Amino acid sequence: METTFSQFSTLPKEERYEQVLPLIKSLIKGEEDPVTLLANTCAALKEVFGWFWVGFYMVKDGQLHLGPFQGPVACTRIAKGRGVCGTAWEKAETMVVEDVDAFPGHIACSSLSRSEIVVPIIRKGEVLGVLDIDSEKLATFNAIDKRFLEELMAFAAEGLECY
Ligand code: SME
């Protein structure tokens with residue numbers, strides 16, 4: 001199996017998602033191990049888009065626990081309602097943050113992060129965890145990212161039976 005996700009990195013954002021989402025879905029379809037599924041998903045997104053940090057926080061024992069990720073070392077636990085991730089979990093909705101310094105309670109795992117999107121992974125009405133993506137540039141994420149990443153997380157949720 002060889003999938004060179006970086007070949008899509010010059011396409012406009014929407015086209016990039018359109019080309020790459022089916023490939024990521026085929027990569028994780030039928031995968032029963034949650035770590036494998038999450039690890040390859042964030043690796044593929046990082047390779048295609050080159051964002052600063054792409055990873056997962058998963059709900060465990062009433063907190064978010066750091067899961068598979070690509071990027072610098074990050075905070076390991078986040079409480080419900082805290083930071084962008086904890087807020088996305090509490091509200092069960094995607095948070096698009098154009099400027100992390102303007103988000104009250106933003107948790108700065110790295111001072112290089114300037115904007116962020118957090119997409120909850122929802123299965124049968126329950127938030128299993130969140131996809132967190134950080135950018136070194138302001139206002140990197142918009143409604144296009146929200147739409148495609150929510151679609152991808154809905155697909156991934158189906159494979160996360162054991163969470
Ligand atoms: N900024 C996040 C914390 C996680 S790091 O960005 C990887 C937050 O405010 O929840």
# chains A, B, ... in the order shown; residues from 1 in each chain; ligands from 1

call {"tool": "residues_around", "arguments": {"residues": "A:Val130", "least_positions_apart": "5", "cutoff": "10 Å", "atoms": "only C-alpha atoms", "output": "number ranges by chain"}}
result
A: 55-59, 64-67, 85-86, 88-89, 92-94, 117-122, 153

call {"tool": "write_last_selection", "arguments": {"atoms": "N, CA, C and O atoms", "output": "PDB file, in the first residue's frame"}}
result
ATOM      1  N   GLY A  55      -4.362  16.264  15.854  1.00  0.00           N
ATOM      2  CA  GLY A  55      -4.436  15.095  16.738  1.00  0.00           C
ATOM      3  C   GLY A  55      -5.785  14.936  17.394  1.00  0.00           C
ATOM      4  O   GLY A  55      -6.724  15.696  17.138  1.00  0.00           O
ATOM      5  N   PHE A  56      -5.835  13.955  18.258  1.00  0.00           N
ATOM      6  CA  PHE A  56      -7.095  13.589  18.907  1.00  0.00           C
ATOM      7  C   PHE A  56      -6.965  13.671  20.417  1.00  0.00           C
ATOM      8  O   PHE A  56      -5.915  13.343  20.991  1.00  0.00           O
ATOM      9  N   TYR A  57      -8.045  14.106  21.053  1.00  0.00           N
ATOM     10  CA  TYR A  57      -8.242  13.941  22.490  1.00  0.00           C
ATOM     11  C   TYR A  57      -9.481  13.084  22.656  1.00  0.00           C
ATOM     12  O   TYR A  57     -10.525  13.391  22.076  1.00  0.00           O
ATOM     13  N   MET A  58      -9.349  11.999  23.417  1.00  0.00           N
ATOM     14  CA  MET A  58     -10.462  11.071  23.555  1.00  0.00           C
ATOM     15  C   MET A  58     -11.012  11.088  24.984  1.00  0.00           C
ATOM     16  O   MET A  58     -10.264  11.213  25.960  1.00  0.00           O
ATOM     17  N   VAL A  59     -12.334  10.976  25.102  1.00  0.00           N
ATOM     18  CA  VAL A  59     -12.988  10.978  26.418  1.00  0.00           C
ATOM     19  C   VAL A  59     -12.685   9.672  27.140  1.00  0.00           C
ATOM     20  O   VAL A  59     -12.877   8.583  26.597  1.00  0.00           O
ATOM     21  N   LEU A  64     -10.756  14.584  28.805  1.00  0.00           N
ATOM     22  CA  LEU A  64     -10.152  14.317  27.493  1.00  0.00           C
ATOM     23  C   LEU A  64      -8.711  13.887  27.720  1.00  0.00           C
ATOM     24  O   LEU A  64      -7.966  14.561  28.454  1.00  0.00           O
ATOM     25  N   HIS A  65      -8.331  12.771  27.096  1.00  0.00           N
ATOM     26  CA  HIS A  65      -6.952  12.279  27.187  1.00  0.00           C
ATOM     27  C   HIS A  65      -6.298  12.422  25.818  1.00  0.00           C
ATOM     28  O   HIS A  65      -6.909  12.069  24.800  1.00  0.00           O
ATOM     29  N   LEU A  66      -5.060  12.871  25.806  1.00  0.00           N
ATOM     30  CA  LEU A  66      -4.322  12.996  24.550  1.00  0.00           C
ATOM     31  C   LEU A  66      -4.243  11.636  23.856  1.00  0.00           C
ATOM     32  O   LEU A  66      -3.887  10.631  24.481  1.00  0.00           O
ATOM     33  N   GLY A  67      -4.607  11.631  22.578  1.00  0.00           N
ATOM     34  CA  GLY A  67      -4.557  10.405  21.773  1.00  0.00           C
ATOM     35  C   GLY A  67      -3.499  10.533  20.697  1.00  0.00           C
ATOM     36  O   GLY A  67      -2.587  11.361  20.806  1.00  0.00           O
ATOM     37  N   CYS A  85     -10.977  22.592  23.174  1.00  0.00           N
ATOM     38  CA  CYS A  85     -11.345  21.170  23.093  1.00  0.00           C
ATOM     39  C   CYS A  85     -12.461  20.821  24.077  1.00  0.00           C
ATOM     40  O   CYS A  85     -13.452  20.177  23.706  1.00  0.00           O
ATOM     41  N   GLY A  86     -12.290  21.265  25.329  1.00  0.00           N
ATOM     42  CA  GLY A  86     -13.299  20.965  26.348  1.00  0.00           C
ATOM     43  C   GLY A  86     -14.635  21.625  26.048  1.00  0.00           C
ATOM     44  O   GLY A  86     -15.701  21.111  26.419  1.00  0.00           O
ATOM     45  N   ALA A  88     -15.750  22.255  22.882  1.00  0.00           N
ATOM     46  CA  ALA A  88     -16.344  21.475  21.773  1.00  0.00           C
ATOM     47  C   ALA A  88     -16.985  20.198  22.318  1.00  0.00           C
ATOM     48  O   ALA A  88     -18.045  19.772  21.847  1.00  0.00           O
ATOM     49  N   TRP A  89     -16.364  19.611  23.320  1.00  0.00           N
ATOM     50  CA  TRP A  89     -16.912  18.405  23.960  1.00  0.00           C
ATOM     51  C   TRP A  89     -18.223  18.747  24.686  1.00  0.00           C
ATOM     52  O   TRP A  89     -19.261  18.114  24.475  1.00  0.00           O
ATOM     53  N   ALA A  92     -20.845  19.733  22.230  1.00  0.00           N
ATOM     54  CA  ALA A  92     -20.999  18.744  21.160  1.00  0.00           C
ATOM     55  C   ALA A  92     -21.122  19.437  19.811  1.00  0.00           C
ATOM     56  O   ALA A  92     -21.958  19.085  18.977  1.00  0.00           O
ATOM     57  N   GLU A  93     -20.292  20.475  19.637  1.00  0.00           N
ATOM     58  CA  GLU A  93     -20.277  21.137  18.328  1.00  0.00           C
ATOM     59  C   GLU A  93     -18.888  21.643  17.972  1.00  0.00           C
ATOM     60  O   GLU A  93     -18.041  21.844  18.842  1.00  0.00           O
ATOM     61  N   THR A  94     -18.692  21.808  16.669  1.00  0.00           N
ATOM     62  CA  THR A  94     -17.393  22.248  16.149  1.00  0.00           C
ATOM     63  C   THR A  94     -17.091  23.680  16.577  1.00  0.00           C
ATOM     64  O   THR A  94     -17.963  24.541  16.509  1.00  0.00           O
ATOM     65  N   ILE A 117      -9.189  24.616  14.989  1.00  0.00           N
ATOM     66  CA  ILE A 117     -10.539  24.055  14.782  1.00  0.00           C
ATOM     67  C   ILE A 117     -10.616  22.776  15.603  1.00  0.00           C
ATOM     68  O   ILE A 117      -9.649  22.002  15.637  1.00  0.00           O
ATOM     69  N   VAL A 118     -11.730  22.594  16.291  1.00  0.00           N
ATOM     70  CA  VAL A 118     -11.939  21.374  17.072  1.00  0.00           C
ATOM     71  C   VAL A 118     -13.289  20.783  16.671  1.00  0.00           C
ATOM     72  O   VAL A 118     -14.321  21.457  16.743  1.00  0.00           O
ATOM     73  N   VAL A 119     -13.245  19.530  16.223  1.00  0.00           N
ATOM     74  CA  VAL A 119     -14.450  18.854  15.710  1.00  0.00           C
ATOM     75  C   VAL A 119     -14.756  17.657  16.610  1.00  0.00           C
ATOM     76  O   VAL A 119     -13.926  16.746  16.733  1.00  0.00           O
ATOM     77  N   PRO A 120     -15.921  17.644  17.246  1.00  0.00           N
ATOM     78  CA  PRO A 120     -16.243  16.486  18.083  1.00  0.00           C
ATOM     79  C   PRO A 120     -16.518  15.237  17.254  1.00  0.00           C
ATOM     80  O   PRO A 120     -17.015  15.325  16.129  1.00  0.00           O
ATOM     81  N   ILE A 121     -16.186  14.098  17.842  1.00  0.00           N
ATOM     82  CA  ILE A 121     -16.490  12.808  17.221  1.00  0.00           C
ATOM     83  C   ILE A 121     -17.717  12.279  17.957  1.00  0.00           C
ATOM     84  O   ILE A 121     -17.634  11.954  19.145  1.00  0.00           O
ATOM     85  N   ILE A 122     -18.842  12.256  17.259  1.00  0.00           N
ATOM     86  CA  ILE A 122     -20.115  11.929  17.916  1.00  0.00           C
ATOM     87  C   ILE A 122     -20.664  10.613  17.380  1.00  0.00           C
ATOM     88  O   ILE A 122     -20.764  10.421  16.164  1.00  0.00           O
ATOM     89  N   MET A 153     -15.221  12.974  10.521  1.00  0.00           N
ATOM     90  CA  MET A 153     -15.364  12.488  11.905  1.00  0.00           C
ATOM     91  C   MET A 153     -16.635  11.651  12.075  1.00  0.00           C
ATOM     92  O   MET A 153     -16.663  10.715  12.880  1.00  0.00           O
TER      93      MET A 153
END

call {"tool": "residues_near_ligand", "arguments": {"ligand": "ligand 1", "cutoff": "8 Å", "atoms": "only C-alpha atoms and all ligand atoms", "output": "list in words"}}
result
Trp53, Val54, Gly55, Ala74, Cys75, Ile78, Arg82, Gly83, Val84, Cys85, Gly86, Thr87, Val100, Gly105, His106, Ile107, Ala108, Cys109, Ser110, Ser113, Glu116, Asp132, Ile133 and Asp134 of chain A

call {"tool": "write_last_selection", "arguments": {"atoms": "N, CA, C and O atoms", "output": "short mmCIF file (atom, residue, chain, number, x, y, z; two decimals), in the first residue's frame"}}
result
data_model
loop_
_atom_site.label_atom_id
_atom_site.label_comp_id
_atom_site.auth_asym_id
_atom_site.auth_seq_id
_atom_site.Cartn_x
_atom_site.Cartn_y
_atom_site.Cartn_z
N TRP A 53 -0.27 21.27 14.09
CA TRP A 53 -0.58 20.16 15.02
C TRP A 53 -1.93 19.56 14.63
O TRP A 53 -2.90 20.30 14.43
N VAL A 54 -1.96 18.26 14.48
CA VAL A 54 -3.22 17.56 14.16
C VAL A 54 -3.31 16.35 15.08
O VAL A 54 -2.40 15.50 15.09
N GLY A 55 -4.36 16.26 15.85
CA GLY A 55 -4.44 15.10 16.74
C GLY A 55 -5.79 14.94 17.39
O GLY A 55 -6.72 15.70 17.14
N ALA A 74 2.16 17.73 23.49
CA ALA A 74 0.99 18.55 23.85
C ALA A 74 0.48 18.22 25.25
O ALA A 74 0.89 17.23 25.87
N CYS A 75 -0.46 19.04 25.73
CA CYS A 75 -1.11 18.82 27.03
C CYS A 75 -1.77 17.44 27.03
O CYS A 75 -2.32 17.03 26.01
N ILE A 78 -7.54 17.31 29.43
CA ILE A 78 -8.34 18.53 29.35
C ILE A 78 -9.72 18.23 29.97
O ILE A 78 -10.37 17.23 29.61
N ARG A 82 -13.28 23.13 29.39
CA ARG A 82 -12.03 23.91 29.44
C ARG A 82 -11.41 23.99 28.05
O ARG A 82 -11.38 23.00 27.31
N GLY A 83 -10.88 25.17 27.73
CA GLY A 83 -10.20 25.35 26.45
C GLY A 83 -11.14 25.15 25.27
O GLY A 83 -12.36 25.00 25.43
N VAL A 84 -10.55 25.16 24.09
CA VAL A 84 -11.36 24.98 22.88
C VAL A 84 -11.85 23.53 22.80
O VAL A 84 -13.02 23.27 22.46
N CYS A 85 -10.98 22.59 23.17
CA CYS A 85 -11.34 21.17 23.09
C CYS A 85 -12.46 20.82 24.08
O CYS A 85 -13.45 20.18 23.71
N GLY A 86 -12.29 21.26 25.33
CA GLY A 86 -13.30 20.97 26.35
C GLY A 86 -14.64 21.62 26.05
O GLY A 86 -15.70 21.11 26.42
N THR A 87 -14.59 22.77 25.38
CA THR A 87 -15.82 23.48 24.99
C THR A 87 -16.53 22.73 23.86
O THR A 87 -17.75 22.56 23.88
N VAL A 100 -6.66 32.39 18.55
CA VAL A 100 -6.75 31.69 19.84
C VAL A 100 -6.59 32.65 21.03
O VAL A 100 -7.15 32.40 22.10
N GLY A 105 -10.02 31.33 27.83
CA GLY A 105 -9.71 30.01 28.38
C GLY A 105 -8.97 29.09 27.44
O GLY A 105 -8.75 27.93 27.76
N HIS A 106 -8.57 29.62 26.28
CA HIS A 106 -7.78 28.79 25.35
C HIS A 106 -6.57 28.21 26.07
O HIS A 106 -5.88 28.89 26.82
N ILE A 107 -6.33 26.91 25.86
CA ILE A 107 -5.18 26.25 26.49
C ILE A 107 -4.03 26.25 25.48
O ILE A 107 -4.14 25.62 24.42
N ALA A 108 -2.96 26.97 25.81
CA ALA A 108 -1.85 27.10 24.86
C ALA A 108 -0.83 25.98 25.10
O ALA A 108 0.04 26.10 25.96
N CYS A 109 -0.94 24.92 24.33
CA CYS A 109 0.07 23.85 24.42
C CYS A 109 1.35 24.33 23.75
O CYS A 109 2.43 23.91 24.11
N SER A 110 1.20 25.21 22.75
CA SER A 110 2.36 25.81 22.10
C SER A 110 2.05 27.28 21.83
O SER A 110 0.96 27.61 21.37
N SER A 113 0.87 28.34 18.18
CA SER A 113 -0.48 28.14 17.64
C SER A 113 -1.24 29.46 17.63
O SER A 113 -1.31 30.16 18.63
N GLU A 116 -7.36 27.70 15.36
CA GLU A 116 -7.63 26.31 15.74
C GLU A 116 -9.04 25.91 15.29
O GLU A 116 -9.94 26.73 15.22
N ASP A 132 -8.52 17.81 17.01
CA ASP A 132 -8.03 19.16 17.28
C ASP A 132 -6.95 19.48 16.24
O ASP A 132 -6.01 18.69 16.05
N ILE A 133 -7.10 20.62 15.58
CA ILE A 133 -6.09 21.04 14.60
C ILE A 133 -5.67 22.47 14.91
O ILE A 133 -6.51 23.35 15.09
N ASP A 134 -4.36 22.68 14.97
CA ASP A 134 -3.80 24.00 15.26
C ASP A 134 -3.00 24.49 14.06
O ASP A 134 -2.31 23.71 13.40
#

call {"tool": "atom_distance", "arguments": {"atom1": "atom CA of A:Phe69", "atom2": "atom CA of A:Phe49"}}
result
14.3 Å

call {"tool": "select_by_dssp", "arguments": {"residues": "chain A", "states": "strand (DSSP E or B)", "output": "JSON, numbers by chain"}}
result
{"A": [53, 54, 55, 56, 57, 58, 59, 60, 63, 64, 65, 66, 67, 68, 69, 70, 77, 78, 95, 96, 97, 115, 116, 117, 118, 119, 120, 121, 122, 123, 126, 127, 128, 129, 130, 131, 132, 133, 134, 135]}

call {"tool": "write_last_selection", "arguments": {"atoms": "C-alpha atoms", "output": "PDB file, in the first residue's frame"}}
result
ATOM      1  CA  TRP A  53      -0.577  20.164  15.021  1.00  0.00           C
ATOM      2  CA  VAL A  54      -3.217  17.558  14.159  1.00  0.00           C
ATOM      3  CA  GLY A  55      -4.436  15.095  16.738  1.00  0.00           C
ATOM      4  CA  PHE A  56      -7.095  13.589  18.907  1.00  0.00           C
ATOM      5  CA  TYR A  57      -8.242  13.941  22.490  1.00  0.00           C
ATOM      6  CA  MET A  58     -10.462  11.071  23.555  1.00  0.00           C
ATOM      7  CA  VAL A  59     -12.988  10.978  26.418  1.00  0.00           C
ATOM      8  CA  LYS A  60     -11.859   8.649  29.185  1.00  0.00           C
ATOM      9  CA  GLN A  63     -11.695  13.880  30.925  1.00  0.00           C
ATOM     10  CA  LEU A  64     -10.152  14.317  27.493  1.00  0.00           C
ATOM     11  CA  HIS A  65      -6.952  12.279  27.187  1.00  0.00           C
ATOM     12  CA  LEU A  66      -4.322  12.996  24.550  1.00  0.00           C
ATOM     13  CA  GLY A  67      -4.557  10.405  21.773  1.00  0.00           C
ATOM     14  CA  PRO A  68      -2.677   9.851  18.533  1.00  0.00           C
ATOM     15  CA  PHE A  69      -1.315  13.083  17.082  1.00  0.00           C
ATOM     16  CA  GLN A  70       1.201  14.618  14.681  1.00  0.00           C
ATOM     17  CA  ARG A  77      -5.565  15.988  29.932  1.00  0.00           C
ATOM     18  CA  ILE A  78      -8.343  18.531  29.352  1.00  0.00           C
ATOM     19  CA  MET A  95     -15.404  25.265  17.332  1.00  0.00           C
ATOM     20  CA  VAL A  96     -13.684  27.404  14.691  1.00  0.00           C
ATOM     21  CA  VAL A  97     -11.300  29.861  16.359  1.00  0.00           C
ATOM     22  CA  SER A 115      -5.833  29.561  15.125  1.00  0.00           C
ATOM     23  CA  GLU A 116      -7.635  26.313  15.738  1.00  0.00           C
ATOM     24  CA  ILE A 117     -10.539  24.055  14.782  1.00  0.00           C
ATOM     25  CA  VAL A 118     -11.939  21.374  17.072  1.00  0.00           C
ATOM     26  CA  VAL A 119     -14.450  18.854  15.710  1.00  0.00           C
ATOM     27  CA  PRO A 120     -16.243  16.486  18.083  1.00  0.00           C
ATOM     28  CA  ILE A 121     -16.490  12.808  17.221  1.00  0.00           C
ATOM     29  CA  ILE A 122     -20.115  11.929  17.916  1.00  0.00           C
ATOM     30  CA  ARG A 123     -21.546   8.424  17.922  1.00  0.00           C
ATOM     31  CA  GLU A 126     -22.349  10.749  22.613  1.00  0.00           C
ATOM     32  CA  VAL A 127     -19.074  12.642  22.199  1.00  0.00           C
ATOM     33  CA  LEU A 128     -16.274  10.057  22.032  1.00  0.00           C
ATOM     34  CA  GLY A 129     -13.480  12.577  21.644  1.00  0.00           C
ATOM     35  CA  VAL A 130     -12.389  15.486  19.483  1.00  0.00           C
ATOM     36  CA  LEU A 131     -10.193  16.133  16.472  1.00  0.00           C
ATOM     37  CA  ASP A 132      -8.025  19.157  17.275  1.00  0.00           C
ATOM     38  CA  ILE A 133      -6.088  21.040  14.605  1.00  0.00           C
ATOM     39  CA  ASP A 134      -3.804  23.997  15.256  1.00  0.00           C
ATOM     40  CA  SER A 135      -2.292  26.414  12.755  1.00  0.00           C
TER      41      SER A 135
END

call {"tool": "closest_residue", "arguments": {"among": "A:Trp51, A:Glu90, A:Tyr17, A:Pro72", "to": "A:Glu150", "atoms": "only C-alpha atoms"}}
result
A:Tyr17

call {"tool": "closest_atom_pairs", "arguments": {"of": "stretch 23-142 of chain A", "to": "stretch 5-8 of chain A", "cutoff": "10 Å", "atoms": "only C-alpha atoms", "output": "CSV"}}
result
residue,atom,partner,partner_atom,distance
A:Leu23,CA,A:Phe5,CA,8.7
A:Ile24,CA,A:Phe5,CA,9.2
A:Ala43,CA,A:Phe5,CA,9.4
A:Ala44,CA,A:Phe5,CA,6.3
A:Leu45,CA,A:Phe5,CA,8.3
A:Lys46,CA,A:Ser6,CA,9.0
A:Glu47,CA,A:Ser6,CA,5.4
A:Val48,CA,A:Ser6,CA,5.0
A:Phe49,CA,A:Ser6,CA,8.1
A:Gly50,CA,A:Ser6,CA,8.8

call {"tool": "write_last_selection", "arguments": {"atoms": "N, CA and C atoms", "output": "CSV table (one decimal), in the first residue's frame"}}
result
chain,number,residue,atom,x,y,z
A,23,LEU,N,-9.9,8.9,0.1
A,23,LEU,CA,-8.7,8.1,0.4
A,23,LEU,C,-8.5,7.8,1.8
A,24,ILE,N,-8.8,8.8,2.7
A,24,ILE,CA,-8.6,8.6,4.1
A,24,ILE,C,-9.7,7.6,4.6
A,43,ALA,N,-2.2,11.4,10.6
A,43,ALA,CA,-1.0,11.5,9.8
A,43,ALA,C,-1.4,11.9,8.3
A,44,ALA,N,-2.5,11.4,7.8
A,44,ALA,CA,-2.9,11.8,6.5
A,44,ALA,C,-3.3,13.3,6.4
A,45,LEU,N,-4.0,13.8,7.4
A,45,LEU,CA,-4.4,15.2,7.4
A,45,LEU,C,-3.2,16.1,7.5
A,46,LYS,N,-2.2,15.7,8.3
A,46,LYS,CA,-1.0,16.5,8.5
A,46,LYS,C,-0.2,16.5,7.2
A,47,GLU,N,-0.2,15.4,6.5
A,47,GLU,CA,0.6,15.3,5.3
A,47,GLU,C,0.0,16.1,4.1
A,48,VAL,N,-1.3,16.1,4.1
A,48,VAL,CA,-2.0,16.8,3.0
A,48,VAL,C,-2.0,18.3,3.2
A,49,PHE,N,-2.3,18.7,4.5
A,49,PHE,CA,-2.5,20.2,4.8
A,49,PHE,C,-1.3,20.9,5.4
A,50,GLY,N,-0.4,20.1,6.0
A,50,GLY,CA,0.8,20.7,6.6
A,50,GLY,C,0.6,21.5,7.9

call {"tool": "closest_residue", "arguments": {"among": "A:Leu152, A:Thr41, A:Asp99, A:Ala157", "to": "A:Lys124", "atoms": "only C-alpha atoms"}}
result
A:Ala157

call {"tool": "select_by_dssp", "arguments": {"residues": "stretch 25-90 of chain A", "states": "helix (DSSP H, G or I)", "output": "CSV table (one decimal) with N, CA, C and O atoms, in the first residue's frame"}}
result
chain,number,residue,atom,x,y,z
A,25,LYS,N,-10.9,7.8,4.0
A,25,LYS,CA,-12.0,6.9,4.4
A,25,LYS,C,-11.6,5.4,4.1
A,25,LYS,O,-11.9,4.5,4.8
A,26,SER,N,-11.0,5.2,2.9
A,26,SER,CA,-10.7,3.9,2.5
A,26,SER,C,-9.5,3.3,3.3
A,26,SER,O,-9.5,2.1,3.6
A,27,LEU,N,-8.7,4.3,3.8
A,27,LEU,CA,-7.6,3.9,4.7
A,27,LEU,C,-8.1,3.4,6.0
A,27,LEU,O,-7.5,2.4,6.6
A,28,ILE,N,-9.2,4.0,6.5
A,28,ILE,CA,-9.6,3.6,7.9
A,28,ILE,C,-10.8,2.7,7.9
A,28,ILE,O,-11.2,2.2,9.0
A,34,PRO,N,-8.8,1.3,17.5
A,34,PRO,CA,-9.0,2.8,17.5
A,34,PRO,C,-7.7,3.6,17.3
A,34,PRO,O,-7.7,4.6,16.7
A,35,VAL,N,-6.7,3.1,17.9
A,35,VAL,CA,-5.4,3.8,17.8
A,35,VAL,C,-4.9,3.8,16.4
A,35,VAL,O,-4.5,4.9,15.9
A,36,THR,N,-5.0,2.7,15.7
A,36,THR,CA,-4.6,2.6,14.3
A,36,THR,C,-5.4,3.6,13.5
A,36,THR,O,-4.9,4.3,12.6
A,37,LEU,N,-6.7,3.6,13.7
A,37,LEU,CA,-7.6,4.4,12.9
A,37,LEU,C,-7.3,5.9,13.1
A,37,LEU,O,-7.1,6.7,12.2
A,38,LEU,N,-7.1,6.3,14.4
A,38,LEU,CA,-6.9,7.7,14.7
A,38,LEU,C,-5.5,8.1,14.2
A,38,LEU,O,-5.3,9.2,13.8
A,39,ALA,N,-4.5,7.2,14.4
A,39,ALA,CA,-3.1,7.5,14.0
A,39,ALA,C,-3.0,7.8,12.5
A,39,ALA,O,-2.4,8.8,12.1
A,40,ASN,N,-3.6,7.0,11.7
A,40,ASN,CA,-3.5,7.2,10.3
A,40,ASN,C,-4.3,8.4,9.8
A,40,ASN,O,-3.9,9.1,8.9
A,41,THR,N,-5.4,8.6,10.5
A,41,THR,CA,-6.2,9.8,10.1
A,41,THR,C,-5.5,11.1,10.3
A,41,THR,O,-5.4,12.0,9.4
A,42,CYS,N,-4.8,11.2,11.5
A,42,CYS,CA,-4.1,12.5,11.7
A,42,CYS,C,-2.8,12.6,10.9
A,42,CYS,O,-2.4,13.7,10.4
A,43,ALA,N,-2.2,11.4,10.6
A,43,ALA,CA,-1.0,11.5,9.8
A,43,ALA,C,-1.4,11.9,8.3
A,43,ALA,O,-0.7,12.7,7.7
A,44,ALA,N,-2.5,11.4,7.8
A,44,ALA,CA,-2.9,11.8,6.5
A,44,ALA,C,-3.3,13.3,6.4
A,44,ALA,O,-2.8,14.0,5.5
A,45,LEU,N,-4.0,13.8,7.4
A,45,LEU,CA,-4.4,15.2,7.4
A,45,LEU,C,-3.2,16.1,7.5
A,45,LEU,O,-3.1,17.1,6.8
A,46,LYS,N,-2.2,15.7,8.3
A,46,LYS,CA,-1.0,16.5,8.5
A,46,LYS,C,-0.2,16.5,7.2
A,46,LYS,O,0.3,17.6,6.8
A,47,GLU,N,-0.2,15.4,6.5
A,47,GLU,CA,0.6,15.3,5.3
A,47,GLU,C,0.0,16.1,4.1
A,47,GLU,O,0.7,16.8,3.4
A,48,VAL,N,-1.3,16.1,4.1
A,48,VAL,CA,-2.0,16.8,3.0
A,48,VAL,C,-2.0,18.3,3.2
A,48,VAL,O,-1.8,19.1,2.3
A,49,PHE,N,-2.3,18.7,4.5
A,49,PHE,CA,-2.5,20.2,4.8
A,49,PHE,C,-1.3,20.9,5.4
A,49,PHE,O,-1.2,22.1,5.4
A,83,GLY,N,-10.9,25.2,27.7
A,83,GLY,CA,-10.2,25.4,26.5
A,83,GLY,C,-11.1,25.1,25.3
A,83,GLY,O,-12.4,25.0,25.4
A,84,VAL,N,-10.5,25.2,24.1
A,84,VAL,CA,-11.4,25.0,22.9
A,84,VAL,C,-11.9,23.5,22.8
A,84,VAL,O,-13.0,23.3,22.5
A,85,CYS,N,-11.0,22.6,23.2
A,85,CYS,CA,-11.3,21.2,23.1
A,85,CYS,C,-12.5,20.8,24.1
A,85,CYS,O,-13.5,20.2,23.7
A,86,GLY,N,-12.3,21.3,25.3
A,86,GLY,CA,-13.3,21.0,26.3
A,86,GLY,C,-14.6,21.6,26.0
A,86,GLY,O,-15.7,21.1,26.4
A,87,THR,N,-14.6,22.8,25.4
A,87,THR,CA,-15.8,23.5,25.0
A,87,THR,C,-16.5,22.7,23.9
A,87,THR,O,-17.8,22.6,23.9
A,88,ALA,N,-15.8,22.3,22.9
A,88,ALA,CA,-16.3,21.5,21.8
A,88,ALA,C,-17.0,20.2,22.3
A,88,ALA,O,-18.0,19.8,21.8
A,89,TRP,N,-16.4,19.6,23.3
A,89,TRP,CA,-16.9,18.4,24.0
A,89,TRP,C,-18.2,18.7,24.7
A,89,TRP,O,-19.3,18.1,24.5
A,90,GLU,N,-18.2,19.8,25.5
A,90,GLU,CA,-19.4,20.2,26.3
A,90,GLU,C,-20.5,20.5,25.4
A,90,GLU,O,-21.7,20.1,25.7

call {"tool": "closest_residue", "arguments": {"among": "A:Asp61, A:Leu160, A:Leu112, A:Asp145", "to": "A:Pro12", "atoms": "only C-alpha atoms"}}
result
A:Asp145

call {"tool": "closest_residue", "arguments": {"among": "A:Ala139, A:Leu149, A:Ala156, A:Leu11", "to": "A:Gly30", "atoms": "only C-alpha atoms"}}
result
A:Ala156
